[in-house]
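As stored in start26.cif (mmCIF, C-alpha atoms and all ligand atoms):
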```cif
data_work
#
loop_
_atom_site.label_atom_id
_atom_site.label_comp_id
_atom_site.auth_asym_id
_atom_site.auth_seq_id
_atom_site.Cartn_x
_atom_site.Cartn_y
_atom_site.Cartn_z
CA MET A 1 -68.36 28.78 33.75
CA ILE A 2 -64.92 27.25 34.13
CA ALA A 3 -62.45 27.76 31.31
CA LEU A 4 -61.03 24.40 30.29
CA THR A 5 -57.35 24.03 29.45
CA SER A 6 -56.43 22.41 26.13
CA ASP A 7 -55.29 19.30 28.07
CA GLN A 8 -58.65 19.08 29.82
CA LYS A 9 -60.52 19.51 26.51
CA LEU A 10 -58.50 16.74 24.89
CA MET A 11 -58.98 14.44 27.89
CA LEU A 12 -62.76 14.97 27.94
CA GLU A 13 -63.05 14.49 24.19
CA THR A 14 -61.17 11.18 24.48
CA ILE A 15 -63.40 10.02 27.33
CA ARG A 16 -66.56 11.11 25.52
CA LYS A 17 -65.64 9.15 22.39
CA PHE A 18 -64.65 6.11 24.45
CA MET A 19 -67.91 6.15 26.43
CA VAL A 20 -70.07 6.49 23.32
CA ARG A 21 -68.21 3.73 21.50
CA GLU A 22 -67.36 1.23 24.23
CA VAL A 23 -69.96 1.70 26.98
CA ALA A 24 -73.18 3.26 25.65
CA PRO A 25 -74.13 0.22 23.51
CA TYR A 26 -74.09 -1.96 26.66
CA SER A 27 -75.50 0.43 29.28
CA GLN A 28 -79.09 -0.77 29.12
CA GLU A 29 -78.09 -4.44 29.23
CA MET A 30 -75.65 -3.87 32.11
CA ASP A 31 -78.35 -1.98 34.03
CA GLU A 32 -81.01 -4.58 33.39
CA ASN A 33 -78.86 -7.57 34.31
CA GLN A 34 -76.80 -5.83 37.02
CA ASN A 35 -73.79 -6.91 35.06
CA PHE A 36 -70.51 -5.02 35.03
CA ARG A 37 -68.59 -6.10 31.92
CA MET A 38 -65.20 -7.06 33.30
CA GLU A 39 -63.41 -6.22 30.05
CA LEU A 40 -64.22 -2.58 30.75
CA LYS A 41 -61.81 -2.67 33.67
CA GLU A 42 -58.90 -3.21 31.33
CA LYS A 43 -60.19 -0.55 28.97
CA PHE A 44 -60.62 2.00 31.76
CA ASN A 45 -57.11 1.18 32.86
CA GLY A 46 -55.86 1.66 29.30
CA LEU A 47 -57.23 5.21 29.46
CA GLY A 48 -55.37 5.77 32.75
CA LEU A 49 -58.63 6.26 34.66
CA TYR A 50 -57.68 4.09 37.66
CA SER A 51 -54.53 6.13 38.22
CA ALA A 52 -56.15 9.47 37.33
CA THR A 53 -55.44 11.05 40.74
CA VAL A 54 -52.07 9.33 41.34
CA PRO A 55 -49.38 12.04 41.26
CA VAL A 56 -47.28 12.33 38.09
CA ALA A 57 -44.15 11.64 40.18
CA TYR A 58 -45.50 8.10 40.73
CA GLY A 59 -46.50 7.61 37.10
CA GLY A 60 -50.16 8.63 37.38
CA MET A 61 -52.12 11.35 35.56
CA GLY A 62 -51.88 13.63 38.59
CA LEU A 63 -55.34 15.12 38.09
CA ASP A 64 -56.40 17.77 40.57
CA LEU A 65 -59.92 17.63 41.99
CA THR A 66 -61.34 19.91 39.28
CA SER A 67 -60.03 17.70 36.46
CA PHE A 68 -61.07 14.50 38.20
CA CYS A 69 -64.61 15.85 38.67
CA LEU A 70 -64.72 16.82 34.98
CA VAL A 71 -63.82 13.20 34.16
CA ILE A 72 -66.51 11.75 36.45
CA GLU A 73 -69.08 14.21 35.07
CA GLU A 74 -68.25 13.21 31.49
CA ILE A 75 -68.40 9.47 32.18
CA SER A 76 -71.68 9.85 34.10
CA LYS A 77 -73.37 11.66 31.22
CA VAL A 78 -73.27 8.36 29.38
CA ASP A 79 -73.39 5.82 32.21
CA ALA A 80 -73.52 6.84 35.88
CA SER A 81 -72.73 3.28 37.03
CA MET A 82 -69.40 3.56 35.26
CA GLY A 83 -69.07 6.99 36.85
CA VAL A 84 -69.14 5.40 40.29
CA VAL A 85 -66.83 2.56 39.22
CA ILE A 86 -64.14 5.19 38.58
CA GLN A 87 -65.23 7.59 41.33
CA ASP A 88 -65.06 4.86 43.98
CA ASN A 89 -61.47 4.02 43.04
CA GLY A 90 -60.71 7.73 43.50
CA THR A 91 -62.25 7.49 46.98
CA GLY A 92 -60.12 4.41 47.72
CA LEU A 93 -56.96 6.24 46.65
CA ARG A 94 -57.69 9.43 48.58
CA PRO A 95 -56.60 8.25 52.08
CA ILE A 96 -53.28 7.13 50.56
CA LEU A 97 -52.90 10.52 48.87
CA LEU A 98 -53.66 12.27 52.16
CA CYS A 99 -51.35 10.23 54.40
CA ASP A 100 -47.66 11.00 55.01
CA ASP A 101 -46.37 7.44 54.61
CA GLN A 102 -43.98 7.68 51.64
CA ASN A 103 -43.30 3.92 51.54
CA LEU A 104 -47.00 3.12 51.42
CA LYS A 105 -47.60 5.69 48.69
CA LYS A 106 -44.77 4.25 46.62
CA GLU A 107 -46.00 0.67 46.97
CA VAL A 108 -49.70 1.37 46.38
CA PHE A 109 -49.30 3.88 43.56
CA SER A 110 -46.92 1.58 41.75
CA MET A 111 -49.48 -1.28 41.98
CA VAL A 112 -52.21 1.01 40.66
CA VAL A 113 -50.14 2.46 37.83
CA ASN A 114 -48.25 -0.65 36.72
CA GLN A 115 -50.78 -3.38 37.35
CA GLY A 116 -54.00 -1.42 36.97
CA LEU A 117 -55.24 -2.44 40.42
CA SER A 118 -58.32 -0.72 41.81
CA ILE A 119 -59.32 0.12 45.37
CA GLY A 120 -62.76 0.10 47.05
CA PHE A 121 -63.73 1.90 50.25
CA ALA A 122 -65.39 0.22 53.23
CA ILE A 123 -66.68 2.10 56.27
CA THR A 124 -70.44 1.36 56.43
CA GLU A 125 -71.80 -1.47 58.62
CA SER A 126 -75.37 -2.67 59.05
CA HIS A 127 -75.86 -0.68 62.28
CA ALA A 128 -73.41 2.13 61.35
CA GLY A 129 -74.52 4.04 58.25
CA SER A 130 -74.82 7.78 58.80
CA ASP A 131 -73.30 7.25 62.23
CA THR A 132 -69.90 6.10 60.96
CA ALA A 133 -68.41 6.63 64.43
CA SER A 134 -70.30 3.59 65.71
CA ILE A 135 -68.60 0.90 63.59
CA SER A 136 -67.63 -2.28 65.39
CA THR A 137 -65.20 -3.99 62.97
CA ARG A 138 -62.16 -4.73 65.09
CA ALA A 139 -58.43 -4.76 64.25
CA VAL A 140 -56.15 -6.34 66.86
CA ARG A 141 -52.39 -5.88 66.75
CA ASP A 142 -50.45 -9.16 66.53
CA GLY A 143 -46.72 -8.49 66.22
CA GLU A 144 -46.07 -6.98 62.80
CA ASN A 145 -49.66 -7.63 61.68
CA TYR A 146 -53.24 -6.73 62.50
CA VAL A 147 -56.04 -9.28 62.61
CA ILE A 148 -59.34 -7.85 61.38
CA ASN A 149 -62.85 -9.18 62.08
CA GLY A 150 -66.14 -7.60 61.08
CA ARG A 151 -68.65 -7.05 58.29
CA LYS A 152 -68.97 -4.06 55.97
CA THR A 153 -72.25 -3.29 54.23
CA PHE A 154 -73.18 -1.85 50.81
CA ILE A 155 -69.63 -1.77 49.47
CA THR A 156 -69.36 -0.35 45.96
CA ASN A 157 -67.25 -2.35 43.49
CA ALA A 158 -67.23 -5.31 45.88
CA GLY A 159 -65.93 -8.25 43.88
CA ILE A 160 -64.33 -6.14 41.17
CA SER A 161 -61.87 -4.18 43.36
CA ASP A 162 -58.37 -5.56 43.94
CA TYR A 163 -57.99 -3.87 47.34
CA TYR A 164 -60.27 -2.24 49.89
CA ILE A 165 -59.67 0.51 52.40
CA VAL A 166 -61.21 -0.97 55.55
CA PHE A 167 -61.95 1.10 58.65
CA ALA A 168 -61.74 -0.76 61.97
CA LEU A 169 -61.44 -0.02 65.68
CA THR A 170 -57.99 -0.48 67.17
CA ASP A 171 -59.14 1.03 70.49
CA PRO A 172 -62.86 0.25 70.91
CA GLN A 173 -63.20 2.13 74.21
CA ALA A 174 -62.25 5.35 72.44
CA ARG A 175 -64.92 4.79 69.73
CA HIS A 176 -64.17 7.01 66.71
CA LYS A 177 -60.96 8.20 68.35
CA GLY A 178 -59.81 4.58 68.30
CA MET A 179 -60.36 4.03 64.57
CA SER A 180 -57.64 3.00 62.10
CA ALA A 181 -57.70 2.39 58.34
CA PHE A 182 -56.08 -0.50 56.48
CA LEU A 183 -55.40 -1.46 52.90
CA VAL A 184 -56.74 -5.01 52.50
CA ASP A 185 -55.97 -7.29 49.56
CA ALA A 186 -59.21 -8.60 48.00
CA ASP A 187 -57.66 -12.06 47.62
CA ILE A 188 -56.44 -12.41 51.19
CA PRO A 189 -57.64 -15.50 53.16
CA GLY A 190 -60.60 -14.69 55.41
CA LEU A 191 -62.07 -11.98 53.18
CA GLY A 192 -65.44 -12.98 51.69
CA LEU A 193 -68.34 -11.29 49.92
CA GLY A 194 -72.01 -11.23 50.87
CA LYS A 195 -74.72 -11.52 48.24
CA LYS A 196 -74.72 -8.99 45.45
CA GLU A 197 -77.39 -6.39 46.26
CA ASN A 198 -80.31 -6.01 43.85
CA LYS A 199 -80.47 -2.25 43.58
CA LEU A 200 -82.79 0.55 42.42
CA GLY A 201 -80.10 2.46 40.55
CA LEU A 202 -76.44 2.34 39.53
CA ARG A 203 -77.15 -1.30 38.89
CA ALA A 204 -74.12 -1.95 36.70
CA SER A 205 -71.81 -1.18 39.60
CA PRO A 206 -71.77 -4.16 41.96
CA THR A 207 -72.61 -3.61 45.65
CA ALA A 208 -72.13 -6.25 48.35
CA ASP A 209 -71.06 -6.84 51.94
CA LEU A 210 -67.41 -7.51 52.78
CA ILE A 211 -67.01 -10.19 55.41
CA LEU A 212 -63.72 -10.19 57.33
CA GLU A 213 -62.86 -13.27 59.39
CA ASP A 214 -59.40 -13.27 60.95
CA VAL A 215 -57.99 -11.32 58.04
CA VAL A 216 -54.27 -10.74 58.60
CA VAL A 217 -52.99 -7.39 57.34
CA PRO A 218 -49.33 -6.33 57.61
CA ARG A 219 -48.69 -3.24 59.72
CA LYS A 220 -47.19 -1.45 56.71
CA PHE A 221 -50.71 -1.44 55.20
CA ARG A 222 -52.12 0.64 58.05
CA ILE A 223 -52.81 4.10 56.65
CA GLY A 224 -51.39 6.80 58.89
CA GLU A 225 -50.96 6.57 62.65
CA GLU A 226 -53.01 4.15 64.72
CA ASN A 227 -56.34 5.60 66.00
CA THR A 228 -56.33 8.60 63.65
CA ALA A 229 -58.53 7.26 60.86
CA PHE A 230 -61.71 9.17 61.74
CA LEU A 231 -60.00 12.44 60.87
CA LEU A 232 -58.62 10.79 57.74
CA LEU A 233 -62.18 9.74 56.85
CA MET A 234 -63.46 13.31 57.24
CA LYS A 235 -60.63 14.68 55.10
CA THR A 236 -61.28 11.99 52.51
CA LEU A 237 -64.97 12.95 52.32
CA ASP A 238 -64.05 16.61 51.80
CA ALA A 239 -62.36 15.51 48.57
CA THR A 240 -64.75 12.78 47.50
CA ARG A 241 -68.18 14.36 48.05
CA PRO A 242 -67.54 16.74 45.12
CA THR A 243 -66.87 13.68 42.95
CA ILE A 244 -70.35 12.36 43.78
CA ALA A 245 -71.65 15.84 42.97
CA ALA A 246 -69.89 15.55 39.59
CA GLN A 247 -71.52 12.18 38.97
CA ALA A 248 -74.95 13.64 39.77
CA LEU A 249 -74.28 16.66 37.59
CA GLY A 250 -73.38 14.41 34.65
CA ILE A 251 -76.66 12.54 35.08
CA ALA A 252 -78.66 15.80 35.24
CA GLU A 253 -76.98 17.26 32.16
CA ALA A 254 -77.62 14.13 30.11
CA ALA A 255 -81.28 13.96 31.19
CA LEU A 256 -81.77 17.64 30.38
CA ALA A 257 -80.19 17.31 26.92
CA TYR A 258 -82.34 14.26 26.18
CA ALA A 259 -85.52 16.01 27.35
CA ILE A 260 -84.83 19.12 25.23
CA LYS A 261 -84.22 17.04 22.11
CA TYR A 262 -87.40 15.05 22.73
CA ALA A 263 -89.47 18.19 23.38
CA ASN A 264 -88.33 19.62 20.05
CA GLU A 265 -89.25 16.47 18.14
CA ARG A 266 -92.47 15.32 19.83
CA GLU A 267 -95.62 16.92 18.50
CA GLN A 268 -99.04 17.13 20.18
CA PHE A 269 -101.97 19.37 19.26
CA GLY A 270 -100.17 20.08 15.95
CA GLN A 271 -96.96 21.59 17.38
CA PRO A 272 -93.70 20.56 19.06
CA ILE A 273 -94.37 20.17 22.78
CA ILE A 274 -91.48 22.58 23.55
CA ASP A 275 -93.75 25.34 22.19
CA PHE A 276 -96.14 24.86 25.10
CA GLN A 277 -95.09 27.45 27.65
CA GLY A 278 -95.89 25.10 30.54
CA LEU A 279 -93.25 22.69 29.28
CA LEU A 280 -90.73 25.33 28.23
CA PHE A 281 -90.86 26.88 31.73
CA MET A 282 -90.10 23.46 33.15
CA ILE A 283 -87.09 23.12 30.84
CA ALA A 284 -85.98 26.64 31.75
CA ASP A 285 -86.07 25.70 35.44
CA MET A 286 -84.17 22.45 34.81
CA THR A 287 -81.46 24.34 32.90
CA THR A 288 -81.17 27.00 35.60
CA GLN A 289 -80.77 24.35 38.29
CA VAL A 290 -78.11 22.46 36.33
CA GLU A 291 -76.07 25.61 35.69
CA SER A 292 -76.30 26.67 39.37
CA ALA A 293 -75.18 23.24 40.52
CA ARG A 294 -72.27 23.25 38.07
CA ALA A 295 -71.15 26.69 39.26
CA LEU A 296 -71.08 25.62 42.92
CA LEU A 297 -69.33 22.35 42.17
CA TYR A 298 -66.48 23.92 40.24
CA LYS A 299 -66.17 26.77 42.73
CA THR A 300 -65.73 24.06 45.38
CA THR A 301 -63.13 22.12 43.42
CA ALA A 302 -61.22 25.34 42.63
CA LEU A 303 -61.15 26.15 46.35
CA TYR A 304 -60.00 22.61 47.14
CA ASP A 305 -57.25 22.74 44.53
CA GLN A 306 -56.08 26.09 45.93
CA GLY A 307 -55.78 24.52 49.39
CA PHE A 308 -58.68 26.53 50.90
CA GLU A 309 -58.85 25.65 54.58
CA ASN A 310 -62.58 25.62 55.31
CA ILE A 311 -63.52 23.28 52.47
CA THR A 312 -65.89 21.01 54.42
CA PRO A 313 -69.11 23.07 54.00
CA PHE A 314 -68.38 23.63 50.31
CA SER A 315 -67.91 19.91 49.68
CA ALA A 316 -71.16 19.19 51.52
CA MET A 317 -73.05 21.99 49.72
CA SER A 318 -71.89 20.83 46.30
CA LYS A 319 -72.92 17.24 47.06
CA LEU A 320 -76.28 18.39 48.43
CA LEU A 321 -77.12 20.76 45.57
CA CYS A 322 -75.89 18.66 42.64
CA THR A 323 -77.58 15.47 43.82
CA ASP A 324 -80.87 17.19 44.68
CA VAL A 325 -80.79 18.90 41.28
CA ALA A 326 -80.09 15.56 39.60
CA MET A 327 -83.14 14.05 41.31
CA ARG A 328 -85.42 16.95 40.32
CA VAL A 329 -84.11 17.28 36.78
CA THR A 330 -84.29 13.56 35.99
CA THR A 331 -87.81 13.37 37.44
CA ASP A 332 -88.81 16.34 35.27
CA ALA A 333 -87.09 14.77 32.24
CA VAL A 334 -89.32 11.71 32.67
CA GLN A 335 -92.29 14.12 32.84
CA VAL A 336 -91.25 15.84 29.60
CA LEU A 337 -91.27 12.45 27.86
CA GLY A 338 -94.69 11.60 29.30
CA GLY A 339 -95.51 7.89 29.09
CA TYR A 340 -92.39 7.24 27.03
CA GLY A 341 -90.31 8.55 29.93
CA CYS A 342 -91.45 5.58 32.02
CA MET A 343 -90.20 3.10 29.46
CA LYS A 344 -86.76 1.53 29.39
CA ASP A 345 -86.48 2.46 25.70
CA HIS A 346 -85.42 5.92 26.87
CA PRO A 347 -82.44 6.48 29.21
CA VAL A 348 -84.19 9.06 31.43
CA GLU A 349 -85.88 6.21 33.31
CA ARG A 350 -82.45 4.80 34.29
CA MET A 351 -81.09 8.26 35.00
CA MET A 352 -83.89 8.96 37.47
CA ARG A 353 -83.12 5.72 39.35
CA ASP A 354 -79.38 6.44 39.26
CA ALA A 355 -79.88 9.99 40.58
CA LYS A 356 -81.68 8.71 43.68
CA VAL A 357 -78.62 6.82 44.91
CA THR A 358 -76.46 9.95 44.73
CA GLN A 359 -78.66 11.61 47.38
CA ILE A 360 -77.86 8.75 49.74
CA TYR A 361 -74.28 7.50 49.54
CA GLU A 362 -71.12 9.23 50.81
CA GLY A 363 -73.42 10.79 53.42
CA THR A 364 -77.14 11.30 52.89
CA ASN A 365 -78.31 14.80 52.07
CA GLN A 366 -79.65 15.14 55.61
CA ILE A 367 -76.10 14.51 56.81
CA GLN A 368 -74.78 17.12 54.35
CA ARG A 369 -77.18 19.66 55.85
CA ILE A 370 -75.90 18.79 59.33
CA VAL A 371 -72.31 19.30 58.15
CA ILE A 372 -73.16 22.66 56.54
CA GLY A 373 -75.20 23.78 59.56
CA LYS A 374 -72.44 22.89 62.02
CA SER A 375 -69.93 24.83 59.95
CA ILE A 376 -72.16 27.89 59.95
CA LYS A 377 -72.64 27.62 63.72
CA ARG A 378 -68.94 27.13 64.40
CA LYS A 379 -67.37 29.51 61.91
CA GLY A 380 -70.18 31.83 60.84
CA TYR A 381 -70.88 32.98 57.29
CA PRO A 382 -69.43 33.87 54.80
CA PHE A 383 -67.17 30.81 54.87
CA HIS A 384 -64.37 32.75 53.21
CA SER A 385 -63.26 36.25 52.46
CA GLY A 386 -63.84 37.60 48.96
CA GLY A 387 -65.28 35.94 45.85
C1 LIG A 401 -75.56 1.94 46.18
C2 LIG A 401 -74.81 2.22 47.45
C3 LIG A 401 -73.44 2.13 47.46
C4 LIG A 401 -72.72 2.35 48.64
N1 LIG A 401 -71.35 2.23 48.64
C5 LIG A 401 -70.67 2.32 49.80
C6 LIG A 401 -69.26 2.06 49.86
O1 LIG A 401 -68.61 1.80 48.83
N2 LIG A 401 -68.63 2.11 51.04
C7 LIG A 401 -69.27 2.40 52.19
O2 LIG A 401 -68.63 2.42 53.24
N3 LIG A 401 -70.61 2.65 52.20
C8 LIG A 401 -71.33 2.62 51.04
N4 LIG A 401 -72.68 2.85 51.01
C9 LIG A 401 -73.37 3.15 52.25
C10 LIG A 401 -73.91 4.58 52.35
O3 LIG A 401 -72.85 5.49 52.54
C11 LIG A 401 -74.95 4.60 53.46
O4 LIG A 401 -76.06 3.87 52.97
C12 LIG A 401 -75.39 5.99 53.84
O5 LIG A 401 -74.34 6.68 54.47
C13 LIG A 401 -76.61 5.99 54.77
O6 LIG A 401 -76.51 5.04 55.77
P1 LIG A 401 -77.75 4.03 56.02
O7 LIG A 401 -78.08 3.43 54.71
O8 LIG A 401 -77.39 3.13 57.13
O9 LIG A 401 -78.94 4.96 56.45
P2 LIG A 401 -79.26 5.51 57.92
O10 LIG A 401 -78.02 6.12 58.51
O11 LIG A 401 -79.95 4.46 58.72
O12 LIG A 401 -80.28 6.66 57.61
C14 LIG A 401 -81.66 6.44 57.35
C15 LIG A 401 -82.34 7.80 57.19
O13 LIG A 401 -82.19 8.54 58.40
C16 LIG A 401 -81.59 9.81 58.11
N5 LIG A 401 -80.73 10.22 59.23
C17 LIG A 401 -79.78 9.46 59.86
N6 LIG A 401 -79.18 10.19 60.82
C18 LIG A 401 -79.76 11.43 60.79
C19 LIG A 401 -79.59 12.63 61.51
N7 LIG A 401 -78.64 12.73 62.47
N8 LIG A 401 -80.37 13.69 61.23
C20 LIG A 401 -81.30 13.62 60.23
N9 LIG A 401 -81.51 12.50 59.51
C21 LIG A 401 -80.75 11.43 59.77
C22 LIG A 401 -80.79 9.57 56.83
O14 LIG A 401 -80.54 10.78 56.15
C23 LIG A 401 -81.70 8.64 56.07
O15 LIG A 401 -82.68 9.37 55.41
C24 LIG A 401 -73.42 2.70 49.83
C25 LIG A 401 -74.81 2.80 49.80
C26 LIG A 401 -75.49 2.58 48.64
C27 LIG A 401 -77.00 2.72 48.64
#
```

Could I get this structure in the form of structure tokens?
Amino acid sequence: MIALTSDQKLMLETIRKFMVREVAPYSQEMDENQNFRMELKEKFNGLGLYSATVPVAYGGMGLDLTSFCLVIEEISKVDASMGVVIQDNGTGLRPILLCDDQNLKKEVFSMVVNQGLSIGFAITESHAGSDTASISTRAVRDGENYVINGRKTFITNAGISDYYIVFALTDPQARHKGMSAFLVDADIPGLGLGKKENKLGLRASPTADLILEDVVVPRKFRIGEENTAFLLLMKTLDATRPTIAAQALGIAEAALAYAIKYANEREQFGQPIIDFQGLLFMIADMTTQVESARALLYKTTALYDQGFENITPFSAMSKLLCTDVAMRVTTDAVQVLGGYGCMKDHPVERMMRDAKVTQIYEGTNQIQRIVIGKSIKRKGYPFHSGG
């Protein structure tokens, strides 16, 4: 178990109260109608959530990965769609945090902190999902600008983000070694949106294609050196996969708590159903899985925050375990509620649908296993000395 600082406790208490008061009453309606309430953007910004990971020196909250994951976990306990709304902005900010361009940092962080602007993240294309190296969006240098053409698929927060990090090829012959990343203004001429996807889960967070037709981006909005963005992408994922793990963990914890409460209250055959050993064993397994997932996640974030070098397999393992646990635990929570679990009157139905998405985005769990397996092959095991 991680020991929370008094600052972390206060922050989580504030978020919890906010989520219960301002979001929970609308979660079912937002899910049903696939409708993100735009006024929440301002409220999230009021809490400092969009600049949560921006360093204090630039006016942000300066949260390390552990604290940011705690935030995502807390939000996702109430509404996992809102979890990804905030998580995705953290993913959009990460390449800026990782790059060495001080001018870019200053400009972007000041926009985020002072104007509450949010950033989406666009790598996926219709033919390039797991195989991110095979994107074909093209950026061509034109004097002090780049001209970008292409189409990005399944982009989270499309239409509600103010900027997007767009990955494009600047040297197509070199494939992933010719990839660069750009910060693209959502209102720039030539940038359009595809239809809003009608999704299984996380329905209150909008998902759509980004269509780029002769979009002109100033060179100063290229992130890092030309042709180095694939490495930047990998480093970004090392930091962001744990945040998806945190989202999944929040879902699992909420489903478990709901199932336990229900099992204590629901009576069949003259006794609370929790007194049937078959059901109690199920709840014991769910609890064990949640606690194991939490332990691995916060071990991973502690290693990341300490600057541990071989973080990649830990990030992948935490994403794999937490999201698989979320899927199992939410499915079992529906089972605990029986027929009522299938009804929209109880949140476990939504949680089960939300959990499924976490096993897929930011790298499917098959891809996580490949990442973990390659690390074992290359560097052996244990991944680190001691602890
Ligand atoms: C709700 C949602 C939001 C998203 N948001 C974003 C976003 O904001 N930005 C963004 O860039 N992308 C986003 N994505 C895209 C997401 O990251 C991809 O969907 C995901 O990486 C998988 O790609 P794919 O859908 O093309 O599946 P595919 O790559 O076609 O995979 C299909 C199946 O094949 C398996 N598979 C593929 N390759 C291998 C392999 N080598 N070995 C074993 N199995 C393999 C996969 O695991 C999967 O089960 C989002 C997706 C969803 C569903």

Neighbours of ligand LIG 401 (chain A) within 6 Å, counting only C-alpha atoms and all ligand atoms, as a PyMOL selection string? chain A and resi 121-124+128-130+154-156+357+360-364+366-367

Please list, as a JSON list (two decimals) with C-alpha atoms, in the coordinates of the input, the residues that have an atom at most 10 Å away from (-64.4, 17.4, 45.6) in the coordinates of this file, counting only C-alpha atoms.
```json
[["chain", "number", "residue", "atom", "x", "y", "z"],
["A", 64, "ASP", "CA", -56.40, 17.77, 40.57],
["A", 65, "LEU", "CA", -59.92, 17.63, 41.99],
["A", 66, "THR", "CA", -61.34, 19.91, 39.28],
["A", 68, "PHE", "CA", -61.07, 14.50, 38.20],
["A", 69, "CYS", "CA", -64.61, 15.85, 38.67],
["A", 236, "THR", "CA", -61.28, 11.99, 52.51],
["A", 237, "LEU", "CA", -64.97, 12.95, 52.32],
["A", 238, "ASP", "CA", -64.05, 16.61, 51.80],
["A", 239, "ALA", "CA", -62.36, 15.51, 48.57],
["A", 240, "THR", "CA", -64.75, 12.78, 47.50],
["A", 241, "ARG", "CA", -68.18, 14.36, 48.05],
["A", 242, "PRO", "CA", -67.54, 16.74, 45.12],
["A", 243, "THR", "CA", -66.87, 13.68, 42.95],
["A", 244, "ILE", "CA", -70.35, 12.36, 43.78],
["A", 245, "ALA", "CA", -71.65, 15.84, 42.97],
["A", 246, "ALA", "CA", -69.89, 15.55, 39.59],
["A", 297, "LEU", "CA", -69.33, 22.35, 42.17],
["A", 298, "TYR", "CA", -66.48, 23.92, 40.24],
["A", 299, "LYS", "CA", -66.17, 26.77, 42.73],
["A", 300, "THR", "CA", -65.73, 24.06, 45.38],
["A", 301, "THR", "CA", -63.13, 22.12, 43.42],
["A", 302, "ALA", "CA", -61.22, 25.34, 42.63],
["A", 303, "LEU", "CA", -61.15, 26.15, 46.35],
["A", 304, "TYR", "CA", -60.00, 22.61, 47.14],
["A", 305, "ASP", "CA", -57.25, 22.74, 44.53],
["A", 311, "ILE", "CA", -63.52, 23.28, 52.47],
["A", 312, "THR", "CA", -65.89, 21.01, 54.42],
["A", 314, "PHE", "CA", -68.38, 23.63, 50.31],
["A", 315, "SER", "CA", -67.91, 19.91, 49.68],
["A", 316, "ALA", "CA", -71.16, 19.19, 51.52],
["A", 318, "SER", "CA", -71.89, 20.83, 46.30],
["A", 319, "LYS", "CA", -72.92, 17.24, 47.06]]
```

Please provide as a PDB file with C-alpha atoms, in the frame of the given file all residues within 7 Å of Gln359 (chain A), with the sequence filter that same-chain residues fewer than 5 positions apart are discarded (counting only C-alpha atoms).
```
ATOM      1  CA  THR A 323     -77.580  15.470  43.820  1.00  0.00           C
ATOM      2  CA  ASP A 324     -80.870  17.190  44.680  1.00  0.00           C
ATOM      3  CA  THR A 364     -77.140  11.300  52.890  1.00  0.00           C
ATOM      4  CA  ASN A 365     -78.310  14.800  52.070  1.00  0.00           C
TER       5      ASN A 365
END
```

Nearest-residue call for Lys199 (chain A), choices A:Glu32, A:Glu125, A:Glu213, A:Asp7, using all atoms listed in the file: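 Looking only at the distances to Lys199 (chain A), the closest residue turns out to be A:Glu32.
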
Nearest to Lys177 (chain A) by atom-to-atom distance, counting all atoms listed in the file, from A:Ile372, A:Ile75, A:Ile223, A:Leu232: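 Closest candidate: A:Leu232.
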
Between A:Thr170, A:Asn145, A:Gln87, A:Thr137, which has the minimum distance to Asn157 (chain A) (counting all atoms listed in the file)?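 Smallest distance to Asn157 (chain A) is found for A:Gln87.
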
Quick one: of A:Glu74, A:Glu29, A:Asp100, A:Glu267, who's nearest to Lys17 (chain A), counting all atoms listed in the file?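 Looking at the shortest contact to Lys17 (chain A), the residue is A:Glu74.
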
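Pairwise distance (CA of Glu253 (chain A), CA of Lys77 (chain A)) equals 6.7 Å.
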
Between CA of Asp185 (chain A) and CA of Leu49 (chain A), what distance in Å does the model show, to one decimal? 20.3 Å

What gap, in Å, lies between CA of Ser51 (chain A) and CA of Val20 (chain A)?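 Separating CA of Ser51 (chain A) from CA of Val20 (chain A) is a distance of 21.5 Å.
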
Nearest to Arg138 (chain A) by atom-to-atom distance, counting only C-alpha atoms, from A:Asp214, A:Glu73, A:Glu107, A:Asp209: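 Result for the nearest residue to Arg138 (chain A): A:Asp214.
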
Spatial neighbours of Leu200 (chain A), 10 Å, all atoms listed in the file, chain gap at least 4 places, as a list in words: Asp31, Arg350, Met352, Arg353, Asp354, Lys356 and Val357 of chain A

Selection from above, C-alpha atoms, as a PDB file, keeping the file's coordinate frame, can you write it?
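File produced: result-v6.pdb:
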```
ATOM      1  CA  ASP A  31     -78.350  -1.980  34.030  1.00  0.00           C
ATOM      2  CA  ARG A 350     -82.450   4.800  34.290  1.00  0.00           C
ATOM      3  CA  MET A 352     -83.890   8.960  37.470  1.00  0.00           C
ATOM      4  CA  ARG A 353     -83.120   5.720  39.350  1.00  0.00           C
ATOM      5  CA  ASP A 354     -79.380   6.440  39.260  1.00  0.00           C
ATOM      6  CA  LYS A 356     -81.680   8.710  43.680  1.00  0.00           C
ATOM      7  CA  VAL A 357     -78.620   6.820  44.910  1.00  0.00           C
TER       8      VAL A 357
END
```
